[in-house]
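Source file: structure-v2.cif (mmCIF, C-alpha atoms)
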```cif
data_start
#
loop_
_atom_site.label_atom_id
_atom_site.label_comp_id
_atom_site.auth_asym_id
_atom_site.auth_seq_id
_atom_site.Cartn_x
_atom_site.Cartn_y
_atom_site.Cartn_z
CA MET J 1 0.00 0.00 0.00
CA GLY J 2 1.33 3.43 -0.95
CA ASP J 3 1.34 6.53 1.20
CA PHE J 4 -2.11 7.52 -0.05
CA SER J 5 -5.25 5.40 0.03
CA ILE J 6 -9.00 5.99 0.06
CA ARG J 7 -10.44 4.12 3.02
CA VAL J 8 -13.72 2.48 2.01
CA MET J 9 -16.44 0.92 4.16
CA ILE J 10 -19.13 -1.29 2.58
CA ALA J 11 -22.64 -1.75 3.99
CA ASP J 12 -25.06 -4.23 2.41
CA ASP J 13 -27.50 -6.54 4.15
CA HIS J 14 -26.80 -9.27 1.56
CA PRO J 15 -23.41 -10.74 2.55
CA VAL J 16 -22.69 -12.08 -0.94
CA THR J 17 -23.20 -8.61 -2.43
CA GLY J 18 -21.20 -6.86 0.29
CA HIS J 19 -18.24 -9.17 -0.03
CA GLY J 20 -18.53 -9.06 -3.82
CA ILE J 21 -18.16 -5.28 -3.70
CA ALA J 22 -15.21 -5.66 -1.34
CA GLN J 23 -13.60 -8.15 -3.71
CA ALA J 24 -14.04 -5.78 -6.64
CA LEU J 25 -12.24 -3.01 -4.72
CA THR J 26 -9.55 -5.11 -3.04
CA GLY J 27 -6.20 -4.74 -4.74
CA VAL J 28 -7.18 -1.56 -6.58
CA PRO J 29 -4.35 0.97 -6.21
CA ALA J 30 -5.07 3.74 -3.69
CA ILE J 31 -8.20 2.02 -2.31
CA GLU J 32 -8.27 0.23 1.04
CA VAL J 33 -11.37 -1.67 2.19
CA VAL J 34 -11.61 -1.08 5.95
CA GLY J 35 -14.80 -3.01 6.68
CA VAL J 36 -17.85 -4.86 5.39
CA VAL J 37 -21.05 -4.73 7.47
CA ALA J 38 -24.57 -6.08 7.04
CA ASN J 39 -26.70 -3.62 9.04
CA SER J 40 -26.74 0.02 10.05
CA GLN J 41 -26.14 -0.61 13.76
CA VAL J 42 -22.83 -2.35 13.08
CA LEU J 43 -22.09 0.28 10.43
CA VAL J 44 -22.33 3.09 12.98
CA GLU J 45 -20.19 1.15 15.46
CA LYS J 46 -17.53 0.63 12.77
CA LEU J 47 -17.60 4.23 11.59
CA ASP J 48 -17.14 5.38 15.19
CA ALA J 49 -14.11 3.13 15.55
CA VAL J 50 -12.43 3.12 12.13
CA GLN J 51 -11.33 6.00 9.93
CA CYS J 52 -13.27 5.96 6.67
CA ASP J 53 -13.29 8.27 3.64
CA VAL J 54 -16.00 6.75 1.43
CA LEU J 55 -19.00 4.60 2.34
CA VAL J 56 -20.50 2.28 -0.28
CA LEU J 57 -24.05 1.90 1.02
CA ASP J 58 -26.98 -0.27 -0.07
CA TYR J 59 -29.96 2.10 -0.23
CA VAL J 60 -32.43 -0.49 1.06
CA MET J 61 -31.13 -2.13 4.24
CA PRO J 62 -34.19 -2.77 6.44
CA GLY J 63 -34.76 -4.06 9.94
CA ASP J 64 -32.54 -1.87 12.08
CA GLN J 65 -32.74 0.95 14.62
CA TYR J 66 -31.21 3.51 12.25
CA GLY J 67 -33.55 2.67 9.36
CA ASP J 68 -32.45 2.83 5.75
CA GLY J 69 -32.91 5.02 2.68
CA GLN J 70 -33.07 8.74 3.28
CA THR J 71 -33.46 8.32 7.04
CA LEU J 72 -30.13 6.53 7.34
CA LEU J 73 -28.35 8.78 4.85
CA THR J 74 -29.46 11.94 6.65
CA PHE J 75 -28.35 10.49 9.98
CA LEU J 76 -24.94 9.55 8.59
CA GLN J 77 -24.46 12.99 7.05
CA ARG J 78 -25.14 14.65 10.39
CA ARG J 79 -22.96 12.28 12.41
CA TYR J 80 -20.07 12.06 9.91
CA PRO J 81 -20.08 15.32 7.92
CA HIS J 82 -16.79 14.53 6.16
CA LEU J 83 -17.84 11.05 5.02
CA ARG J 84 -18.44 10.68 1.27
CA MET J 85 -21.02 8.21 0.00
CA VAL J 86 -21.71 5.96 -2.95
CA THR J 87 -25.22 4.50 -2.97
CA VAL J 88 -25.91 1.17 -4.67
CA THR J 89 -29.45 -0.03 -5.31
CA MET J 90 -31.72 -2.40 -7.19
CA ILE J 91 -34.62 0.06 -7.32
CA SER J 92 -35.54 1.76 -10.59
CA ALA J 93 -37.26 4.93 -9.38
CA PRO J 94 -35.98 8.26 -10.75
CA ASP J 95 -37.80 10.08 -7.93
CA VAL J 96 -35.56 8.34 -5.42
CA PHE J 97 -32.41 9.14 -7.42
CA ARG J 98 -33.35 12.82 -7.51
CA ALA J 99 -34.06 12.75 -3.80
CA LEU J 100 -30.58 11.35 -3.21
CA GLN J 101 -29.05 14.11 -5.29
CA LYS J 102 -30.99 16.70 -3.30
CA LEU J 103 -29.42 15.20 -0.19
CA GLY J 104 -25.97 15.64 -1.73
CA VAL J 105 -25.45 11.96 -2.63
CA THR J 106 -24.30 12.29 -6.24
CA CYS J 107 -22.65 8.91 -6.81
CA ILE J 108 -25.37 6.35 -7.47
CA LEU J 109 -24.91 2.87 -8.92
CA SER J 110 -27.45 0.30 -10.06
CA LYS J 111 -26.71 -3.25 -8.92
CA SER J 112 -27.65 -4.36 -12.43
CA ASP J 113 -24.56 -2.58 -13.81
CA SER J 114 -21.03 -3.95 -13.88
CA MET J 115 -18.91 -3.89 -10.73
CA SER J 116 -16.32 -2.03 -12.81
CA HIS J 117 -18.22 1.21 -12.12
CA LEU J 118 -17.42 0.97 -8.42
CA VAL J 119 -13.85 2.21 -8.68
CA THR J 120 -14.83 5.29 -10.68
CA ALA J 121 -17.69 6.02 -8.28
CA VAL J 122 -15.45 5.74 -5.21
CA HIS J 123 -12.89 8.13 -6.71
CA ALA J 124 -15.66 10.54 -7.73
CA ALA J 125 -17.21 10.49 -4.26
CA TYR J 126 -13.84 11.07 -2.60
CA THR J 127 -13.33 14.24 -4.68
CA ASN J 128 -16.93 15.44 -4.15
CA GLY J 129 -17.68 14.58 -7.77
CA ARG J 130 -20.67 13.03 -9.48
CA TYR J 131 -21.01 9.57 -10.99
CA LEU J 132 -24.12 7.75 -12.16
CA SER J 133 -23.91 4.25 -13.56
CA PRO J 134 -25.43 3.63 -17.04
CA THR J 135 -28.74 2.20 -15.80
CA ILE J 136 -29.28 5.18 -13.48
CA VAL J 137 -28.54 7.60 -16.34
CA GLN J 138 -30.92 5.74 -18.65
CA LEU J 139 -33.76 5.78 -16.13
CA LEU J 140 -33.33 9.49 -15.44
CA GLU J 141 -33.14 10.39 -19.13
CA SER J 142 -36.20 8.28 -19.95
CA ASN J 143 -38.04 9.98 -17.12
CA ASP J 144 -37.11 13.43 -18.48
CA VAL J 145 -38.55 12.54 -21.89
CA ARG J 146 -41.84 11.23 -20.47
CA GLY J 147 -42.55 14.23 -18.30
CA LYS J 148 -42.56 14.66 -14.55
CA SER J 149 -44.70 15.40 -11.53
CA GLU J 150 -43.03 16.99 -8.56
CA LEU J 151 -42.77 14.83 -5.48
CA SER J 152 -40.83 16.15 -2.54
CA ALA J 153 -37.94 14.03 -1.33
CA ARG J 154 -39.98 13.01 1.72
CA GLU J 155 -43.01 12.11 -0.41
CA ALA J 156 -40.80 9.95 -2.62
CA GLU J 157 -39.45 8.13 0.44
CA ILE J 158 -42.94 7.56 1.82
CA VAL J 159 -44.06 6.08 -1.51
CA ARG J 160 -41.04 3.76 -1.50
CA LEU J 161 -41.68 2.56 2.05
CA PHE J 162 -45.42 2.12 1.47
CA ARG J 163 -44.73 0.03 -1.64
CA ALA J 164 -42.29 -2.03 0.43
CA GLY J 165 -45.14 -3.05 2.73
CA TYR J 166 -44.82 -0.60 5.63
CA ARG J 167 -48.00 0.86 7.15
CA VAL J 168 -48.42 4.58 7.79
CA GLY J 169 -47.71 4.15 11.51
CA GLU J 170 -44.56 2.17 10.81
CA ILE J 171 -43.37 4.75 8.29
CA ALA J 172 -44.01 7.53 10.82
CA GLU J 173 -41.93 5.68 13.41
CA GLN J 174 -39.07 5.04 10.98
CA LEU J 175 -39.00 8.63 9.70
CA HIS J 176 -39.53 10.12 13.19
CA ARG J 177 -42.62 12.00 12.10
CA SER J 178 -46.26 12.05 13.16
CA LYS J 179 -48.77 9.69 11.56
CA LYS J 180 -50.76 12.76 10.52
CA THR J 181 -47.80 14.21 8.63
CA VAL J 182 -46.97 10.91 6.91
CA SER J 183 -50.61 10.37 5.94
CA ALA J 184 -50.87 13.90 4.51
CA GLN J 185 -47.64 13.51 2.52
CA LYS J 186 -48.76 10.11 1.22
CA LEU J 187 -52.05 11.61 0.02
CA ALA J 188 -50.20 14.54 -1.56
CA ALA J 189 -47.93 12.12 -3.44
CA MET J 190 -50.94 10.13 -4.65
CA ARG J 191 -52.59 13.30 -5.97
CA LYS J 192 -49.45 14.25 -7.88
CA LEU J 193 -49.22 10.75 -9.36
CA GLY J 194 -52.89 10.69 -10.30
CA ILE J 195 -53.48 7.72 -7.98
CA THR J 196 -56.62 7.40 -5.84
CA ARG J 197 -56.32 3.89 -4.32
CA ASP J 198 -53.67 2.40 -2.04
CA ALA J 199 -53.69 -0.74 -4.21
CA ASP J 200 -52.64 1.33 -7.24
CA LEU J 201 -49.90 3.05 -5.23
CA ILE J 202 -48.49 -0.35 -4.27
CA LYS J 203 -48.38 -1.29 -7.97
CA TYR J 204 -46.92 2.10 -8.95
CA ASP J 205 -43.92 1.83 -11.30
CA GLY J 206 -41.40 4.34 -9.96
CA SER J 207 -39.57 4.39 -13.30
CA LEU J 208 -42.44 6.26 -14.95
CA ALA J 209 -42.15 9.75 -13.80
CA LEU J 210 -41.05 12.09 -11.08
CA SER J 211 -38.88 14.98 -10.23
CA VAL J 212 -38.06 15.76 -6.64
CA LYS J 213 -38.08 19.14 -4.94
CA SER J 214 -36.79 20.20 -1.55
CA ASP J 215 -38.73 19.20 1.58
CA ALA J 216 -37.89 22.44 3.36
CA ALA J 217 -41.39 23.84 3.04
CA THR J 218 -43.28 20.61 3.74
CA ASP J 219 -41.58 19.02 6.74
CA ASP J 220 -42.73 19.49 10.33
#
```
What would the structure in this file look like if it were written as C-alpha cells?
Amino acid sequence: MGDFSIRVMIADDHPVTGHGIAQALTGVPAIEVVGVVANSQVLVEKLDAVQCDVLVLDYVMPGDQYGDGQTLLTFLQRRYPHLRMVTVTMISAPDVFRALQKLGVTCILSKSDSMSHLVTAVHAAYTNGRYLSPTIVQLLESNDVRGKSELSAREAEIVRLFRAGYRVGEIAEQLHRSKKTVSAQKLAAMRKLGITRDADLIKYDGSLALSVKSDAATDD
C-alpha cells in the first residue's frame, strides 16, 4: 500500500453482495477496504471506531434501529459530515435518485450494472464529484422525456416505504414524524401521481415519472 489510500467501508445486508463489492475493490491501487457490514447498527459502530473516507451503502437495508434510505443517509451525514457516500441499489425509481441528489449523494450505482463502475464512483465520491452508472442515467433520461410530476424528497421516500409493505404508523416511526404528517404527505404524493387507491400506489412503477423538490417547506 502506498502513502495515499482511500479508506472504504461497505454496507449491504446481503453478505454475498457486500463481499462481492469488497472483492471488486480489493487490490485496486489507492483504495483500502476497511470493513464490510450487514446492518446500520454495526455500520455506525464501525464508523465510530475506524477512519473511513468513502462509504458504499446499499440504499435499502431494512430491519434496524437507524432505518435505511433517506433516514439513514441523513443520519450519517449529520454524524459524519466529512464522510463521502456511494449508494448502490436495485430500485428503478428516478424520484428516489433525484431525492438522493438533493441530499448531496451524487454517486449512485445500479446493482444491475457492472462492478467495474465501483472504482470510478469511489474516486468521484472522494473528490466530491458526481457519478451515475449507465442504468441510473438511462432511467433518469427516460423519465425526463416522459414528463414529470413533482414529489418532494420526503413524499418519494414515503411512496417507497409504502410500496415495500410498511404501514403509515410504521413509516411515521421510521422517519420520526407524526402519523398525521406521513398520511398527509402520502395523500399529496398520490394526488401528484394521479393515484386514488392504495392498491394502485403499491403497484406504482417508480420508473415512470417524477422529479423531486426540496422538503424544506413541507416538513414538520
Taking the file as shown, what set of residues would the PyMOL selection byres ((chain J and resi 25) around 12) give back, as a CSV table (one decimal) with C-alpha atoms, in the frame of the given file?
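Output below, filename out10.csv:
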```csv
chain,number,residue,atom,x,y,z
J,5,SER,CA,-5.2,5.4,0.0
J,6,ILE,CA,-9.0,6.0,0.1
J,7,ARG,CA,-10.4,4.1,3.0
J,8,VAL,CA,-13.7,2.5,2.0
J,9,MET,CA,-16.4,0.9,4.2
J,10,ILE,CA,-19.1,-1.3,2.6
J,18,GLY,CA,-21.2,-6.9,0.3
J,19,HIS,CA,-18.2,-9.2,0.0
J,20,GLY,CA,-18.5,-9.1,-3.8
J,21,ILE,CA,-18.2,-5.3,-3.7
J,22,ALA,CA,-15.2,-5.7,-1.3
J,23,GLN,CA,-13.6,-8.2,-3.7
J,24,ALA,CA,-14.0,-5.8,-6.6
J,26,THR,CA,-9.6,-5.1,-3.0
J,27,GLY,CA,-6.2,-4.7,-4.7
J,28,VAL,CA,-7.2,-1.6,-6.6
J,29,PRO,CA,-4.4,1.0,-6.2
J,30,ALA,CA,-5.1,3.7,-3.7
J,31,ILE,CA,-8.2,2.0,-2.3
J,32,GLU,CA,-8.3,0.2,1.0
J,33,VAL,CA,-11.4,-1.7,2.2
J,34,VAL,CA,-11.6,-1.1,6.0
J,35,GLY,CA,-14.8,-3.0,6.7
J,36,VAL,CA,-17.8,-4.9,5.4
J,56,VAL,CA,-20.5,2.3,-0.3
J,115,MET,CA,-18.9,-3.9,-10.7
J,116,SER,CA,-16.3,-2.0,-12.8
J,117,HIS,CA,-18.2,1.2,-12.1
J,118,LEU,CA,-17.4,1.0,-8.4
J,119,VAL,CA,-13.8,2.2,-8.7
J,120,THR,CA,-14.8,5.3,-10.7
J,121,ALA,CA,-17.7,6.0,-8.3
J,122,VAL,CA,-15.4,5.7,-5.2
J,123,HIS,CA,-12.9,8.1,-6.7
```
May I have the protein, DNA and RNA residues with an atom at most 12 Å from (-23.8, 11.5, 2.9), counting all atoms listed in the file in the file's coordinates, returned as a count of residues only? 37
Which one of J:Asp200, J:Thr89, J:Glu141, J:Ala124 sits closest to J:Leu109 if you count all atoms listed in the file? J:Thr89
Given all atoms listed in the file, how would the per-residue table for stretch 25-94 of chain J near stretch 160-167 of chain J read, listing every residue at most 10 Å away with its closest atom pair and distance in Å to one decimal, sorted by chain and number, as JSON lines?
```
{"residue": "J:Val60", "atom": "CA", "partner": "J:Leu161", "partner_atom": "CA", "distance": 9.8}
{"residue": "J:Asp68", "atom": "CA", "partner": "J:Leu161", "partner_atom": "CA", "distance": 9.9}
{"residue": "J:Gly69", "atom": "CA", "partner": "J:Leu161", "partner_atom": "CA", "distance": 9.1}
{"residue": "J:Ile91", "atom": "CA", "partner": "J:Arg160", "partner_atom": "CA", "distance": 9.4}
{"residue": "J:Ala93", "atom": "CA", "partner": "J:Arg160", "partner_atom": "CA", "distance": 8.8}
```
Output file for the residues above (C-alpha atoms, as a CSV table (one decimal), keeping the file's coordinate frame):
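See result_32.csv below for the written result:
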```csv
chain,number,residue,atom,x,y,z
J,60,VAL,CA,-32.4,-0.5,1.1
J,68,ASP,CA,-32.4,2.8,5.8
J,69,GLY,CA,-32.9,5.0,2.7
J,91,ILE,CA,-34.6,0.1,-7.3
J,93,ALA,CA,-37.3,4.9,-9.4
```
Picked residues, the PyMOL selection byres ((chain J and resi 176) around 12), expected as a count of residues only: 24
Coordinates of box centre and edge lengths for stretch 88-100 of chain J, 8 Å on every side, axis-aligned, as lines of an AutoDock Vina configuration file:
```
center_x = -31.9
center_y = 5.2
center_z = -7.0
size_x = 27.9
size_y = 31.2
size_z = 23.5
```
Just the number, please: distance in Å from atom CA of J:Pro62 to atom CA of J:Lys186, one decimal.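 One can read the atom CA of J:Pro62 to atom CA of J:Lys186 distance as 20.1 Å.
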Counting only C-alpha atoms, figure out which residue out of J:Ala153, J:Val37, J:Ile158, J:Leu132 gets nearest to J:Val88.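 For J:Val88, the nearest of the given residues is J:Leu132.
Compared by their closest atoms to J:Gln138, and using only C-alpha atoms, the residues J:His14, J:Ala184, J:Asp113, J:Met61 rank with J:Asp113 nearest.
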Please, what distance in Å, to one decimal, runs between atom CA of J:Gln185 and atom CA of J:Arg98? 17.5 Å
Pick from J:Gln51, J:Ser114, J:Leu139, J:Val159, whichever lies nearest to J:Ile195 using all atoms listed in the file: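 Of the candidates, the smallest distance to J:Ile195 is held by J:Val159.
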Counting all atoms listed in the file, the option among J:Ser92, J:Ala38, J:Ala99, J:Ala11 closest to J:Asp58: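 Nearest candidate to J:Asp58 out of J:Ser92, J:Ala38, J:Ala99, J:Ala11: J:Ala11.
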Identify which of the residues J:Lys111, J:Asn39, J:Ala49, J:Asp95 lies closest to J:Leu193, counting only C-alpha atoms when measuring atom-to-atom distances.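 Residue with the minimum atom-to-atom distance to J:Leu193: J:Asp95.
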note - atom CA of J:Ser112 and atom CA of J:Pro134 are separated by 9.5 Å
Reconstruct stretch 113-124 of chain J at the level of all heavy atoms, and format the result as a PDB file, in the frame of the given file.
```
ATOM      1  N   ASP J 113     -25.724  -2.975 -13.008  1.00  0.00           N
ATOM      2  CA  ASP J 113     -24.560  -2.580 -13.810  1.00  0.00           C
ATOM      3  C   ASP J 113     -23.300  -3.316 -13.348  1.00  0.00           C
ATOM      4  O   ASP J 113     -23.254  -3.879 -12.259  1.00  0.00           O
ATOM      5  CB  ASP J 113     -24.351  -1.065 -13.745  1.00  0.00           C
ATOM      6  CG  ASP J 113     -25.395  -0.311 -14.542  1.00  0.00           C
ATOM      7  OD1 ASP J 113     -25.800  -0.807 -15.607  1.00  0.00           O
ATOM      8  OD2 ASP J 113     -25.812   0.775 -14.091  1.00  0.00           O
ATOM      9  N   SER J 114     -22.274  -3.260 -14.170  1.00  0.00           N
ATOM     10  CA  SER J 114     -21.030  -3.950 -13.880  1.00  0.00           C
ATOM     11  C   SER J 114     -20.345  -3.398 -12.634  1.00  0.00           C
ATOM     12  O   SER J 114     -20.409  -2.194 -12.346  1.00  0.00           O
ATOM     13  CB  SER J 114     -20.076  -3.819 -15.083  1.00  0.00           C
ATOM     14  OG  SER J 114     -18.781  -4.243 -14.751  1.00  0.00           O
ATOM     15  N   MET J 115     -19.690  -4.301 -11.903  1.00  0.00           N
ATOM     16  CA  MET J 115     -18.910  -3.890 -10.730  1.00  0.00           C
ATOM     17  C   MET J 115     -17.779  -2.933 -11.114  1.00  0.00           C
ATOM     18  O   MET J 115     -17.232  -2.244 -10.258  1.00  0.00           O
ATOM     19  CB  MET J 115     -18.304  -5.129 -10.055  1.00  0.00           C
ATOM     20  CG  MET J 115     -19.302  -5.979  -9.295  1.00  0.00           C
ATOM     21  SD  MET J 115     -19.587  -5.339  -7.631  1.00  0.00           S
ATOM     22  CE  MET J 115     -20.448  -6.734  -6.890  1.00  0.00           C
ATOM     23  N   SER J 116     -17.430  -2.887 -12.383  1.00  0.00           N
ATOM     24  CA  SER J 116     -16.320  -2.030 -12.810  1.00  0.00           C
ATOM     25  C   SER J 116     -16.600  -0.551 -12.550  1.00  0.00           C
ATOM     26  O   SER J 116     -15.674   0.260 -12.471  1.00  0.00           O
ATOM     27  CB  SER J 116     -16.040  -2.240 -14.309  1.00  0.00           C
ATOM     28  OG  SER J 116     -17.174  -1.870 -15.088  1.00  0.00           O
ATOM     29  N   HIS J 117     -17.875  -0.197 -12.382  1.00  0.00           N
ATOM     30  CA  HIS J 117     -18.220   1.210 -12.120  1.00  0.00           C
ATOM     31  C   HIS J 117     -17.890   1.626 -10.692  1.00  0.00           C
ATOM     32  O   HIS J 117     -17.849   2.822 -10.390  1.00  0.00           O
ATOM     33  CB  HIS J 117     -19.702   1.444 -12.401  1.00  0.00           C
ATOM     34  CG  HIS J 117     -20.076   1.253 -13.843  1.00  0.00           C
ATOM     35  ND1 HIS J 117     -19.834   2.207 -14.810  1.00  0.00           N
ATOM     36  CD2 HIS J 117     -20.642   0.198 -14.481  1.00  0.00           C
ATOM     37  CE1 HIS J 117     -20.251   1.757 -15.979  1.00  0.00           C
ATOM     38  NE2 HIS J 117     -20.748   0.542 -15.808  1.00  0.00           N
ATOM     39  N   LEU J 118     -17.668   0.665  -9.833  1.00  0.00           N
ATOM     40  CA  LEU J 118     -17.420   0.970  -8.420  1.00  0.00           C
ATOM     41  C   LEU J 118     -16.188   1.840  -8.223  1.00  0.00           C
ATOM     42  O   LEU J 118     -16.199   2.797  -7.449  1.00  0.00           O
ATOM     43  CB  LEU J 118     -17.259  -0.322  -7.620  1.00  0.00           C
ATOM     44  CG  LEU J 118     -18.540  -1.028  -7.191  1.00  0.00           C
ATOM     45  CD1 LEU J 118     -18.214  -2.444  -6.734  1.00  0.00           C
ATOM     46  CD2 LEU J 118     -19.216  -0.250  -6.070  1.00  0.00           C
ATOM     47  N   VAL J 119     -15.107   1.490  -8.883  1.00  0.00           N
ATOM     48  CA  VAL J 119     -13.850   2.210  -8.680  1.00  0.00           C
ATOM     49  C   VAL J 119     -14.008   3.671  -9.068  1.00  0.00           C
ATOM     50  O   VAL J 119     -13.608   4.586  -8.322  1.00  0.00           O
ATOM     51  CB  VAL J 119     -12.699   1.555  -9.475  1.00  0.00           C
ATOM     52  CG1 VAL J 119     -11.422   2.372  -9.347  1.00  0.00           C
ATOM     53  CG2 VAL J 119     -12.472   0.123  -8.991  1.00  0.00           C
ATOM     54  N   THR J 120     -14.621   3.909 -10.230  1.00  0.00           N
ATOM     55  CA  THR J 120     -14.830   5.290 -10.680  1.00  0.00           C
ATOM     56  C   THR J 120     -15.724   6.043  -9.700  1.00  0.00           C
ATOM     57  O   THR J 120     -15.467   7.207  -9.372  1.00  0.00           O
ATOM     58  CB  THR J 120     -15.479   5.295 -12.077  1.00  0.00           C
ATOM     59  OG1 THR J 120     -14.679   4.535 -12.973  1.00  0.00           O
ATOM     60  CG2 THR J 120     -15.610   6.723 -12.601  1.00  0.00           C
ATOM     61  N   ALA J 121     -16.762   5.372  -9.212  1.00  0.00           N
ATOM     62  CA  ALA J 121     -17.690   6.020  -8.280  1.00  0.00           C
ATOM     63  C   ALA J 121     -16.997   6.370  -6.964  1.00  0.00           C
ATOM     64  O   ALA J 121     -17.230   7.445  -6.394  1.00  0.00           O
ATOM     65  CB  ALA J 121     -18.891   5.114  -8.030  1.00  0.00           C
ATOM     66  N   VAL J 122     -16.162   5.479  -6.457  1.00  0.00           N
ATOM     67  CA  VAL J 122     -15.450   5.740  -5.210  1.00  0.00           C
ATOM     68  C   VAL J 122     -14.524   6.944  -5.363  1.00  0.00           C
ATOM     69  O   VAL J 122     -14.473   7.830  -4.498  1.00  0.00           O
ATOM     70  CB  VAL J 122     -14.668   4.487  -4.761  1.00  0.00           C
ATOM     71  CG1 VAL J 122     -13.663   4.841  -3.665  1.00  0.00           C
ATOM     72  CG2 VAL J 122     -15.625   3.411  -4.272  1.00  0.00           C
ATOM     73  N   HIS J 123     -13.785   6.987  -6.471  1.00  0.00           N
ATOM     74  CA  HIS J 123     -12.890   8.130  -6.710  1.00  0.00           C
ATOM     75  C   HIS J 123     -13.690   9.417  -6.861  1.00  0.00           C
ATOM     76  O   HIS J 123     -13.290  10.477  -6.346  1.00  0.00           O
ATOM     77  CB  HIS J 123     -12.022   7.877  -7.941  1.00  0.00           C
ATOM     78  CG  HIS J 123     -10.866   6.970  -7.699  1.00  0.00           C
ATOM     79  ND1 HIS J 123      -9.707   7.389  -7.079  1.00  0.00           N
ATOM     80  CD2 HIS J 123     -10.689   5.657  -7.979  1.00  0.00           C
ATOM     81  CE1 HIS J 123      -8.858   6.376  -6.990  1.00  0.00           C
ATOM     82  NE2 HIS J 123      -9.429   5.307  -7.526  1.00  0.00           N
ATOM     83  N   ALA J 124     -14.827   9.350  -7.554  1.00  0.00           N
ATOM     84  CA  ALA J 124     -15.660  10.540  -7.730  1.00  0.00           C
ATOM     85  C   ALA J 124     -16.198  11.031  -6.397  1.00  0.00           C
ATOM     86  O   ALA J 124     -16.186  12.231  -6.107  1.00  0.00           O
ATOM     87  CB  ALA J 124     -16.805  10.237  -8.695  1.00  0.00           C
TER      88      ALA J 124
END
```
